[in-house]
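Data block below; observations after.
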Amino acid sequence: MKNEQNVLPTTDEHLSQKEIIRMYAKYVSKPKATFFKSLSLGVVQGRREGLHLYSISGHRKKDPPIDLLNCRTSGGVFNFGHRNPELIAALKEGLEKGLDIGDHHMISEQRALLARDLAQILPGNISKTQFCVGGGEAIDLAIKLARAFTNRKKIVSAIRSYHGVTGLAMAAGNERFRGPFHFDFPDFQRVPFGDLDKMLEAIDESTAAVILETIPATGGILIPPPGYLSAIRKRCDECGALYIADEVQAGLGRTGELWGIYGGIYPEERVEPDIMVLAKGMSAGLYPMATCSYRPEIEAVFEEDPFLHISTTGGSELGCYVTRKMLRMLTAPGFLENVKVRGNQLEEGLLSIKESRKDIITEIRGRGLMWGLEFISDRFGIGYTLYMIQNGVFADYCGNNEQTIKLMPPLNSTEEEISEILRRLTIAAEKLPTINKQGGDK
Ligand SMILES: Cc1ncc(COP(=O)(O)O)c(C=O)c1O
């Protein structure tokens, strides 16, 4: 019902889980509410801290909140867990320093400082950064830059990839997210990830850029074969095409190295892209932040019109302050070493889960704290997702590869936390039914 007086209720309302779901269905998304209810997952996110994400209450009102270990981390948004105290302190400090979003047209100290910090740690001579609100927008900018800089149109990407739902990012991604919108951009060619021959064939003198997630995450945590990324780099150089690395999920320490493309997949393979896109974890879980960073020559695109790409709330000064703190934590001595050690612990545990459920798990693959567990079919990927959640692990199947579930716990997870995640995953795997020869559940 409309409120003719335009008097809105207080912002300090507390609703029950049931009321929230009802209101969400009415005002936000009925299909989404129905989806979660159909899976008996009427879970509304409530208190959260570190690795833990609690529901507002249990499935029934009288049940206690469900404690979920967040191994989804929204693809790395919560790389430092939920509500990390040091990052919250940085956000408060930024406010106390008098920062707000800032005017995006004016020169900004915070943007200059964050761009300088990034230039010091990004691969090769990538040293210029433009700021965006989200990953899709930053990918759009990367593609725009590549097209303007090379004066070419063709973009080569990977089937099953996901780069966002904005225009050009959507065009580069998988059919699933384009189909219903009649979005059939010309000059976008998609090839299977990992097939070097098909990729090299696609890159030619009309190619503006190749865009790849270093480890396609939504595609199922696909690990590029050795030499694949460097061969693409070489071919781009031969043809005058640019290489855009989408490290929205695989970057920022996820693989145990700062960058997946630069030693994170194979220590000896350090590929330098022309453009690197970051998002998700750049927010530190507190303030939206995405960046498109590139080699200095590419800046020529803005020579005539420096206001050619505009993002009003992109690169908020307050957000920059928090992101800079996050980068300091990420690059602190020993931090990445711990990601590697915890990654080995996770890998070992996943291998033993695979061993015990050889009947349904076909492969585990990953790097650092980014792992995919592949099942024999989509049905098992989706089924295991439900069992994981019911047993206290929040993770899900990959949107463009439903037979694979994705595990990305916070980068600062402790030994005890990884053990507890593995304990719960093992229980979920033990409970997952097998299929009999006729294909029915046992
Ligand atoms: C690899 C990758 N690139 C780009 C994006 C788009 O980021 P955003 O959702 O912030 O637009 C995503 C989001 O999931 C992603 O996983």
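Residue numbers start at 1 in each chain; chains themselves are named A, B, ... in the order of the structure tokens; ligands are numbered from 1 in the order shown.
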From a DSSP calculation on the backbone, collect every residue of region 27-250 of chain A in alpha helix (DSSP H) and output the set as number ranges by chain. A: 27, 30-38, 85-96, 109-121, 135-150, 167-172, 196-202, 228-239
Can you write just those residues out, C-alpha atoms, as a PDB file, in the first residue's frame?
ATOM      1  CA  TYR A  27       9.656  -5.800  -2.791  1.00  0.00           C
ATOM      2  CA  LYS A  30       9.843 -13.156  -5.632  1.00  0.00           C
ATOM      3  CA  PRO A  31      11.710 -15.606  -7.934  1.00  0.00           C
ATOM      4  CA  LYS A  32      14.746 -15.507  -5.657  1.00  0.00           C
ATOM      5  CA  ALA A  33      12.707 -15.957  -2.482  1.00  0.00           C
ATOM      6  CA  THR A  34      10.867 -18.860  -4.116  1.00  0.00           C
ATOM      7  CA  PHE A  35      14.162 -20.440  -5.213  1.00  0.00           C
ATOM      8  CA  PHE A  36      15.623 -20.414  -1.706  1.00  0.00           C
ATOM      9  CA  LYS A  37      12.365 -21.619  -0.172  1.00  0.00           C
ATOM     10  CA  SER A  38      12.096 -24.459  -2.676  1.00  0.00           C
ATOM     11  CA  PRO A  85      38.421  -5.330  12.953  1.00  0.00           C
ATOM     12  CA  GLU A  86      41.488  -3.713  11.320  1.00  0.00           C
ATOM     13  CA  LEU A  87      39.490  -2.892   8.195  1.00  0.00           C
ATOM     14  CA  ILE A  88      36.569  -1.544  10.200  1.00  0.00           C
ATOM     15  CA  ALA A  89      39.048   0.656  12.081  1.00  0.00           C
ATOM     16  CA  ALA A  90      40.378   1.926   8.729  1.00  0.00           C
ATOM     17  CA  LEU A  91      36.833   2.744   7.562  1.00  0.00           C
ATOM     18  CA  LYS A  92      36.157   4.684  10.777  1.00  0.00           C
ATOM     19  CA  GLU A  93      39.543   6.389  10.533  1.00  0.00           C
ATOM     20  CA  GLY A  94      38.758   7.437   6.963  1.00  0.00           C
ATOM     21  CA  LEU A  95      35.490   8.989   8.101  1.00  0.00           C
ATOM     22  CA  GLU A  96      37.225  10.753  10.976  1.00  0.00           C
ATOM     23  CA  GLU A 109      44.715  12.339  -2.964  1.00  0.00           C
ATOM     24  CA  GLN A 110      43.209   8.979  -1.981  1.00  0.00           C
ATOM     25  CA  ARG A 111      42.831   7.804  -5.579  1.00  0.00           C
ATOM     26  CA  ALA A 112      46.395   8.894  -6.348  1.00  0.00           C
ATOM     27  CA  LEU A 113      47.713   6.996  -3.313  1.00  0.00           C
ATOM     28  CA  LEU A 114      45.794   3.801  -4.077  1.00  0.00           C
ATOM     29  CA  ALA A 115      46.837   3.924  -7.753  1.00  0.00           C
ATOM     30  CA  ARG A 116      50.472   4.407  -6.647  1.00  0.00           C
ATOM     31  CA  ASP A 117      50.212   1.436  -4.277  1.00  0.00           C
ATOM     32  CA  LEU A 118      48.771  -0.742  -7.039  1.00  0.00           C
ATOM     33  CA  ALA A 119      51.485   0.324  -9.494  1.00  0.00           C
ATOM     34  CA  GLN A 120      54.058  -0.929  -6.992  1.00  0.00           C
ATOM     35  CA  ILE A 121      52.602  -4.433  -6.780  1.00  0.00           C
ATOM     36  CA  GLY A 135      33.868  -5.603 -11.629  1.00  0.00           C
ATOM     37  CA  GLY A 136      31.565  -5.552 -14.669  1.00  0.00           C
ATOM     38  CA  GLU A 137      32.060  -1.828 -15.091  1.00  0.00           C
ATOM     39  CA  ALA A 138      35.841  -2.237 -14.815  1.00  0.00           C
ATOM     40  CA  ILE A 139      35.760  -5.031 -17.424  1.00  0.00           C
ATOM     41  CA  ASP A 140      33.700  -2.796 -19.731  1.00  0.00           C
ATOM     42  CA  LEU A 141      36.341  -0.120 -19.336  1.00  0.00           C
ATOM     43  CA  ALA A 142      39.138  -2.608 -20.086  1.00  0.00           C
ATOM     44  CA  ILE A 143      37.423  -3.672 -23.322  1.00  0.00           C
ATOM     45  CA  LYS A 144      36.728  -0.058 -24.286  1.00  0.00           C
ATOM     46  CA  LEU A 145      40.379   0.830 -23.706  1.00  0.00           C
ATOM     47  CA  ALA A 146      41.597  -2.124 -25.766  1.00  0.00           C
ATOM     48  CA  ARG A 147      39.317  -1.214 -28.655  1.00  0.00           C
ATOM     49  CA  ALA A 148      40.193   2.468 -28.607  1.00  0.00           C
ATOM     50  CA  PHE A 149      43.926   1.841 -28.196  1.00  0.00           C
ATOM     51  CA  THR A 150      44.245  -0.751 -30.966  1.00  0.00           C
ATOM     52  CA  GLY A 167      27.232  -4.588 -21.622  1.00  0.00           C
ATOM     53  CA  LEU A 168      30.672  -5.540 -22.884  1.00  0.00           C
ATOM     54  CA  ALA A 169      31.440  -7.781 -19.908  1.00  0.00           C
ATOM     55  CA  MET A 170      28.234  -9.688 -20.603  1.00  0.00           C
ATOM     56  CA  ALA A 171      29.129  -9.957 -24.288  1.00  0.00           C
ATOM     57  CA  ALA A 172      32.448 -11.592 -23.382  1.00  0.00           C
ATOM     58  CA  LEU A 196      45.551 -23.498 -27.060  1.00  0.00           C
ATOM     59  CA  ASP A 197      45.131 -24.287 -30.762  1.00  0.00           C
ATOM     60  CA  LYS A 198      41.618 -22.843 -30.851  1.00  0.00           C
ATOM     61  CA  MET A 199      42.767 -19.803 -28.908  1.00  0.00           C
ATOM     62  CA  LEU A 200      45.775 -19.122 -31.142  1.00  0.00           C
ATOM     63  CA  GLU A 201      43.591 -19.537 -34.210  1.00  0.00           C
ATOM     64  CA  ALA A 202      41.131 -16.942 -32.875  1.00  0.00           C
ATOM     65  CA  TYR A 228      48.892 -21.751 -22.044  1.00  0.00           C
ATOM     66  CA  LEU A 229      48.826 -18.203 -20.702  1.00  0.00           C
ATOM     67  CA  SER A 230      52.357 -17.364 -21.876  1.00  0.00           C
ATOM     68  CA  ALA A 231      51.621 -18.703 -25.380  1.00  0.00           C
ATOM     69  CA  ILE A 232      48.554 -16.427 -25.517  1.00  0.00           C
ATOM     70  CA  ARG A 233      50.676 -13.496 -24.371  1.00  0.00           C
ATOM     71  CA  LYS A 234      53.172 -14.226 -27.151  1.00  0.00           C
ATOM     72  CA  ARG A 235      50.469 -14.505 -29.783  1.00  0.00           C
ATOM     73  CA  CYS A 236      48.938 -11.195 -28.629  1.00  0.00           C
ATOM     74  CA  ASP A 237      52.341  -9.540 -29.036  1.00  0.00           C
ATOM     75  CA  GLU A 238      52.749 -10.980 -32.537  1.00  0.00           C
ATOM     76  CA  CYS A 239      49.327  -9.713 -33.598  1.00  0.00           C
TER      77      CYS A 239
END
Within 12 Å of Glu420 (chain A) using only C-alpha atoms, minus same-chain residues under 3 positions, as a ChimeraX atom specification: /A:51-52,68-71,345-346,349,391-393,409,413-417,423-427
Show me, as an NGL selection string, the residues that have an atom within 9 Å of region 174-180 of chain A when counting only C-alpha atoms, minus same-chain residues fewer than 3 positions from it. :A and (158-165 or 170-171 or 183-184 or 190 or 219 or 399-400)
Return as a list of chain:residue names the full set of residues in region 8-156 of chain A whose backbone-based DSSP assignment is strand (DSSP E). A:Gln45, A:Gly46, A:Arg47, A:Arg48, A:Glu49, A:His52, A:Leu53, A:Tyr54, A:Ser55, A:Asp67, A:Leu68, A:Leu69, A:Asn70, A:Lys128, A:Thr129, A:Gln130, A:Phe131, A:Cys132, A:Lys154, A:Ile155, A:Val156
List the spatial neighbours of Gln390 (chain A) as a compact mmCIF listing (two decimals) with C-alpha atoms, in the first residue's frame - criterion: any atom at most 10 Å away, only C-alpha atoms, same-chain residues fewer than 2 positions off excluded.
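Heads up, here's the output in around_5.txt:
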# COMPACT_ATOMS: atom_id res chain seq x y z
CA SER A 40 14.34 -25.37 2.13
CA LEU A 41 16.98 -22.67 2.51
CA ILE A 66 22.50 -21.44 11.84
CA ASP A 67 26.30 -21.07 11.99
CA LEU A 68 27.72 -21.22 8.47
CA TYR A 384 26.31 -31.36 -2.35
CA THR A 385 25.68 -27.61 -2.11
CA LEU A 386 22.54 -28.34 -0.11
CA TYR A 387 24.32 -30.87 2.08
CA MET A 388 27.18 -28.45 2.71
CA GLY A 392 27.35 -25.66 8.23
CA VAL A 393 29.50 -24.76 5.21
CA PHE A 394 28.36 -21.92 3.01
CA ARG A 424 31.97 -30.37 8.06
CA ALA A 428 28.32 -33.54 4.11
Using only C-alpha atoms, which of the listed residues (A:Tyr397, A:Phe193, A:Tyr243, A:Tyr321) sits closest to Pro288 (chain A)?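 Of A:Tyr397, A:Phe193, A:Tyr243, A:Tyr321, the one nearest Pro288 (chain A), counting only C-alpha atoms, is A:Tyr321.
Take the candidates A:Gly366, A:Pro296, A:Gly372, A:Pro226 and check each one against Pro267 (chain A) using only C-alpha atoms; the shortest distance goes to A:Pro226.
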Residue with the minimum atom-to-atom distance to Asp246 (chain A), picked from A:Ile221, A:Leu286, A:Ile310, A:Met276 with only C-alpha atoms counted, is A:Met276
Which residue is closest to Tyr294 (chain A)? Choose from A:Val341, A:Glu13, A:Asp274, A:Gly281 and count only C-alpha atoms. A:Asp274
Non-local contacts of Leu122 (chain A) (12 Å; only C-alpha atoms; under 2 positions in same chain excluded) as a ChimeraX atom specification: /A:114-120,124-129,245,247,251-253,257-262,270-278,291-295,327,331
